$ cat run_27.pdb   # PDB, C-alpha atoms and all ligand atoms
ATOM      1  CA  MET S   1     247.519 140.330 126.490
ATOM      2  CA  SER S   2     245.549 137.234 125.643
ATOM      3  CA  TYR S   3     243.184 136.356 122.865
ATOM      4  CA  THR S   4     240.281 133.990 122.937
ATOM      5  CA  PHE S   5     239.492 132.141 119.755
ATOM      6  CA  ALA S   6     236.055 130.675 119.345
ATOM      7  CA  THR S   7     235.953 127.223 117.850
ATOM      8  CA  VAL S   8     232.740 127.718 115.903
ATOM      9  CA  ARG S   9     232.274 130.666 113.600
ATOM     10  CA  ARG S  10     228.920 131.695 112.280
ATOM     11  CA  THR S  11     228.657 132.362 108.629
ATOM     12  CA  GLU S  12     225.969 134.049 106.626
ATOM     13  CA  LEU S  13     227.298 132.665 103.385
ATOM     14  CA  GLY S  14     225.130 130.406 101.285
ATOM     15  CA  PRO S  15     226.424 127.490  99.199
ATOM     16  CA  GLU S  16     226.451 129.613  96.025
ATOM     17  CA  ASP S  17     228.434 132.357  97.766
ATOM     18  CA  LEU S  18     230.932 129.801  99.027
ATOM     19  CA  ASP S  19     231.277 128.223  95.568
ATOM     20  CA  ALA S  20     231.916 131.615  93.969
ATOM     21  CA  LEU S  21     234.418 132.603  96.672
ATOM     22  CA  ARG S  22     236.173 129.228  96.399
ATOM     23  CA  ALA S  23     236.538 129.790  92.639
ATOM     24  CA  CYS S  24     238.020 133.245  93.341
ATOM     25  CA  LEU S  25     240.459 131.736  95.860
ATOM     26  CA  HIS S  26     241.579 129.109  93.324
ATOM     27  CA  ASP S  27     242.040 131.819  90.654
ATOM     28  CA  GLU S  28     244.060 133.913  93.099
ATOM     29  CA  ARG S  29     246.134 130.863  94.046
ATOM     30  CA  LEU S  30     246.964 130.117  90.388
ATOM     31  CA  PHE S  31     247.803 133.762  89.739
ATOM     32  CA  ARG S  32     250.194 133.896  92.702
ATOM     33  CA  LEU S  33     251.866 130.621  91.722
ATOM     34  CA  GLU S  34     252.406 131.961  88.177
ATOM     35  CA  GLN S  35     253.655 135.239  89.635
ATOM     36  CA  LEU S  36     256.183 133.422  91.831
ATOM     37  CA  ASP S  37     257.285 131.314  88.841
ATOM     38  CA  GLY S  38     257.738 134.470  86.776
ATOM     39  CA  LEU S  39     259.729 136.169  89.505
ATOM     40  CA  GLY S  40     261.931 133.087  89.726
ATOM     41  CA  GLU S  41     262.650 133.291  85.989
ATOM     42  CA  THR S  42     263.581 136.963  86.143
ATOM     43  CA  TRP S  43     265.563 136.569  89.338
ATOM     44  CA  PRO S  44     269.166 137.431  88.508
ATOM     45  CA  SER S  45     271.798 135.027  89.628
ATOM     46  CA  PRO S  46     274.508 136.584  91.808
ATOM     47  CA  ASP S  47     276.990 136.085  88.954
ATOM     48  CA  ASP S  48     274.872 138.194  86.602
ATOM     49  CA  LEU S  49     274.611 141.144  88.915
ATOM     50  CA  PRO S  50     276.816 144.088  88.139
ATOM     51  CA  ALA S  51     278.117 145.733  91.253
ATOM     52  CA  CYS S  52     275.885 148.777  91.131
ATOM     53  CA  GLN S  53     273.019 150.284  93.060
ATOM     54  CA  HIS S  54     270.478 149.495  90.333
ATOM     55  CA  ALA S  55     271.075 145.793  90.707
ATOM     56  CA  GLN S  56     270.709 146.005  94.451
ATOM     57  CA  ALA S  57     267.488 148.029  94.185
ATOM     58  CA  ARG S  58     266.108 145.574  91.629
ATOM     59  CA  GLU S  59     266.912 142.657  93.892
ATOM     60  CA  GLU S  60     265.172 144.381  96.804
ATOM     61  CA  VAL S  61     262.046 144.980  94.713
ATOM     62  CA  LEU S  62     261.998 141.378  93.481
ATOM     63  CA  THR S  63     262.453 140.137  97.049
ATOM     64  CA  ALA S  64     259.573 142.306  98.269
ATOM     65  CA  LEU S  65     257.326 141.183  95.384
ATOM     66  CA  ALA S  66     258.094 137.526  96.043
ATOM     67  CA  ALA S  67     257.441 137.934  99.778
ATOM     68  CA  ALA S  68     254.105 139.651  99.107
ATOM     69  CA  ALA S  69     253.059 136.977  96.592
ATOM     70  CA  GLN S  70     254.075 134.221  99.011
ATOM     71  CA  GLN S  71     252.104 135.871 101.841
ATOM     72  CA  VAL S  72     248.952 136.064  99.704
ATOM     73  CA  LEU S  73     249.451 132.438  98.652
ATOM     74  CA  THR S  74     249.717 131.408 102.313
ATOM     75  CA  ASP S  75     246.569 133.407 103.153
ATOM     76  CA  VAL S  76     244.676 131.875 100.211
ATOM     77  CA  ASP S  77     245.652 128.339 101.263
ATOM     78  CA  ALA S  78     244.566 129.114 104.827
ATOM     79  CA  ALA S  79     241.218 130.449 103.561
ATOM     80  CA  LEU S  80     240.662 127.285 101.481
ATOM     81  CA  SER S  81     241.454 125.168 104.568
ATOM     82  CA  ARG S  82     238.985 127.190 106.657
ATOM     83  CA  MET S  83     236.393 126.725 103.930
ATOM     84  CA  ASP S  84     236.942 122.946 103.917
ATOM     85  CA  ALA S  85     236.605 122.931 107.716
ATOM     86  CA  GLY S  86     233.396 124.994 107.631
ATOM     87  CA  LEU S  87     235.076 127.889 109.455
ATOM     88  CA  TYR S  88     235.329 130.295 106.533
ATOM     89  CA  GLY S  89     233.923 133.811 106.722
ATOM     90  CA  GLY S  90     234.392 134.599 110.407
ATOM     91  CA  CYS S  91     236.692 137.303 111.731
ATOM     92  CA  HIS S  92     239.725 135.845 113.539
ATOM     93  CA  LEU S  93     239.610 138.516 116.233
ATOM     94  CA  CYS S  94     235.975 139.292 117.042
ATOM     95  CA  ASP S  95     234.401 136.159 115.516
ATOM     96  CA  ARG S  96     231.698 138.159 113.745
ATOM     97  CA  PRO S  97     230.927 137.235 110.141
ATOM     98  CA  ILE S  98     232.989 139.138 107.601
ATOM     99  CA  PRO S  99     230.519 140.852 105.239
ATOM    100  CA  LEU S 100     230.065 139.125 101.882
ATOM    101  CA  ALA S 101     230.914 142.382 100.085
ATOM    102  CA  SER S 102     234.309 142.395 101.814
ATOM    103  CA  LEU S 103     234.951 138.740 101.007
ATOM    104  CA  ARG S 104     234.128 139.396  97.348
ATOM    105  CA  ILE S 105     236.864 142.042  97.307
ATOM    106  CA  LEU S 106     239.358 140.014  99.373
ATOM    107  CA  PRO S 107     238.268 136.348  99.588
ATOM    108  CA  HIS S 108     241.216 135.431 101.815
ATOM    109  CA  ALA S 109     240.417 138.134 104.389
ATOM    110  CA  ARG S 110     241.004 137.033 107.997
ATOM    111  CA  TYR S 111     239.485 140.040 109.716
ATOM    112  CA  CYS S 112     236.373 142.198 109.521
ATOM    113  CA  GLY S 113     236.827 145.881 108.663
ATOM    114  CA  PRO S 114     237.108 147.285 112.224
ATOM    115  CA  CYS S 115     239.479 144.497 113.350
ATOM    116  CA  HIS S 116     241.628 144.925 110.228
ATOM    117  CA  GLN S 117     241.951 148.639 110.998
ATOM    118  CA  LEU S 118     242.797 147.833 114.622
ATOM    119  CA  LYS S 119     245.503 145.378 113.556
ATOM    120  CA  GLU S 120     246.959 147.867 111.058
ATOM    121  CA  SER S 121     246.997 150.557 113.738
ATOM    122  CA  VAL S 122     248.746 148.305 116.263
ATOM    123  CA  SER S 123     251.249 147.117 113.632
ATOM    124  CA  TRP S 124     251.995 150.702 112.633
ATOM    125  CA  ARG S 125     252.519 151.732 116.249
ATOM    126  CA  LEU S 126     254.806 148.765 116.936
ATOM    127  CA  LYS S 127     256.761 149.421 113.732
ATOM    128  CA  ASN S 128     257.171 153.103 114.571
ATOM    129  CA  ALA S 129     257.674 152.736 118.333
ATOM    130  CA  VAL S 130     260.697 154.505 119.697
ATOM    131  CA  SER S 131     262.661 152.110 121.836
TER     132      SER S 131
HETATM  133 ZN    ZN U 201     236.482 141.461 113.672
END
$ encode --input "run_27.pdb" --output "structure tokens"
Amino acid sequence: MSYTFATVRRTELGPEDLDALRACLHDERLFRLEQLDGLGETWPSPDDLPACQHAQAREEVLTALAAAAQQVLTDVDAALSRMDAGLYGGCHLCDRPIPLASLRILPHARYCGPCHQLKESVSWRLKNAVS
């Protein structure tokens, strides 16, 4: 399977839309940085952990939360880079513009609605494939 990535993405976003979305991305970035800081403060050191299932479950939840926050932070930084490069707002798979309404909900979106669903479907099938 091969993918073709276009080098120029069309965008239907005006300067005001981009400014508003950039502000949202910066807010999201700050929130995720604070979230990661907070998780770091509540992260138990191995010495503090009692040998019980609750501690293990708590550590798993904290690990998952930190991974999710880090992923969003990575996506937000990538979106800001695309914006700086003038490539923001295009779907990474089909190259069509991502609707403004979708970007207002998820400013760091990489895919349009149909492509996002396709990716989720493929990921689910790969995750649940019987080998
Ligand atoms: Zn698409």
$ residues_near_ligand --input "run_27.pdb" --ligand "ligand ZN 201 (chain U)" --cutoff "10 Å" --atoms "all atoms listed in the file" --output "list in words"
Gly90, Cys91, His92, Leu93, Cys94, Asp95, Arg96, Pro97, Ile98, Arg110, Tyr111, Cys112, Gly113, Pro114, Cys115, His116, Gln117, Leu118 and Lys119 of chain S
$ atom_distance --input "run_27.pdb" --atom1 "CA of Ala23 in chain S" --atom2 "CA of Glu41 in chain S"
27.2 Å
$ residues_near_point --input "run_27.pdb" --point "(261.8, 136.1, 91.0)" --cutoff "9 Å" --atoms "only C-alpha atoms" --output "short mmCIF file (atom, residue, chain, number, x, y, z; two decimals) with C-alpha atoms, in the coordinates of the input"
data_model
loop_
_atom_site.label_atom_id
_atom_site.label_comp_id
_atom_site.auth_asym_id
_atom_site.auth_seq_id
_atom_site.Cartn_x
_atom_site.Cartn_y
_atom_site.Cartn_z
CA GLN S 35 253.66 135.24 89.64
CA LEU S 36 256.18 133.42 91.83
CA ASP S 37 257.29 131.31 88.84
CA GLY S 38 257.74 134.47 86.78
CA LEU S 39 259.73 136.17 89.50
CA GLY S 40 261.93 133.09 89.73
CA GLU S 41 262.65 133.29 85.99
CA THR S 42 263.58 136.96 86.14
CA TRP S 43 265.56 136.57 89.34
CA PRO S 44 269.17 137.43 88.51
CA GLU S 59 266.91 142.66 93.89
CA LEU S 62 262.00 141.38 93.48
CA THR S 63 262.45 140.14 97.05
CA LEU S 65 257.33 141.18 95.38
CA ALA S 66 258.09 137.53 96.04
#
$ atom_distance --input "run_27.pdb" --atom1 "CA of Pro107 in chain S" --atom2 "CA of Leu33 in chain S"
16.7 Å
$ residues_around --input "run_27.pdb" --residues "Arg29 in chain S" --least-positions-apart "2" --cutoff "8 Å" --atoms "all atoms listed in the file" --output "ChimeraX atom specification"
/S:25-27,31-33,73,76-77
$ write_last_selection --input "run_27.pdb" --atoms "C-alpha atoms" --output "compact mmCIF listing (two decimals), keeping the file's coordinate frame"
# COMPACT_ATOMS: atom_id res chain seq x y z
CA LEU S 25 240.46 131.74 95.86
CA HIS S 26 241.58 129.11 93.32
CA ASP S 27 242.04 131.82 90.65
CA PHE S 31 247.80 133.76 89.74
CA ARG S 32 250.19 133.90 92.70
CA LEU S 33 251.87 130.62 91.72
CA LEU S 73 249.45 132.44 98.65
CA VAL S 76 244.68 131.88 100.21
CA ASP S 77 245.65 128.34 101.26
$ atom_distance --input "run_27.pdb" --atom1 "CA of Leu18 in chain S" --atom2 "CA of Gln71 in chain S"
22.2 Å
$ closest_residue --input "run_27.pdb" --among "S:His108, S:His54, S:Arg22, S:Arg125" --to "Ala79 in chain S" --atoms "only C-alpha atoms"
S:His108
$ axis_aligned_box --input "run_27.pdb" --around "range 15-20 of chain S" --padding-each-side "5 Å" --output "JSON"
{"center_x": 229.2, "center_y": 129.9, "center_z": 96.6, "size_x": 15.5, "size_y": 14.9, "size_z": 15.2}
$ closest_residue --input "run_27.pdb" --among "S:Asn128, S:Arg58, S:Val72, S:Ala109" --to "Tyr88 in chain S" --atoms "all atoms listed in the file"
S:Ala109
$ closest_residue --input "run_27.pdb" --among "S:Leu103, S:Ala78, S:Ala64, S:Val122" --to "Ala20 in chain S" --atoms "all atoms listed in the file"
S:Leu103
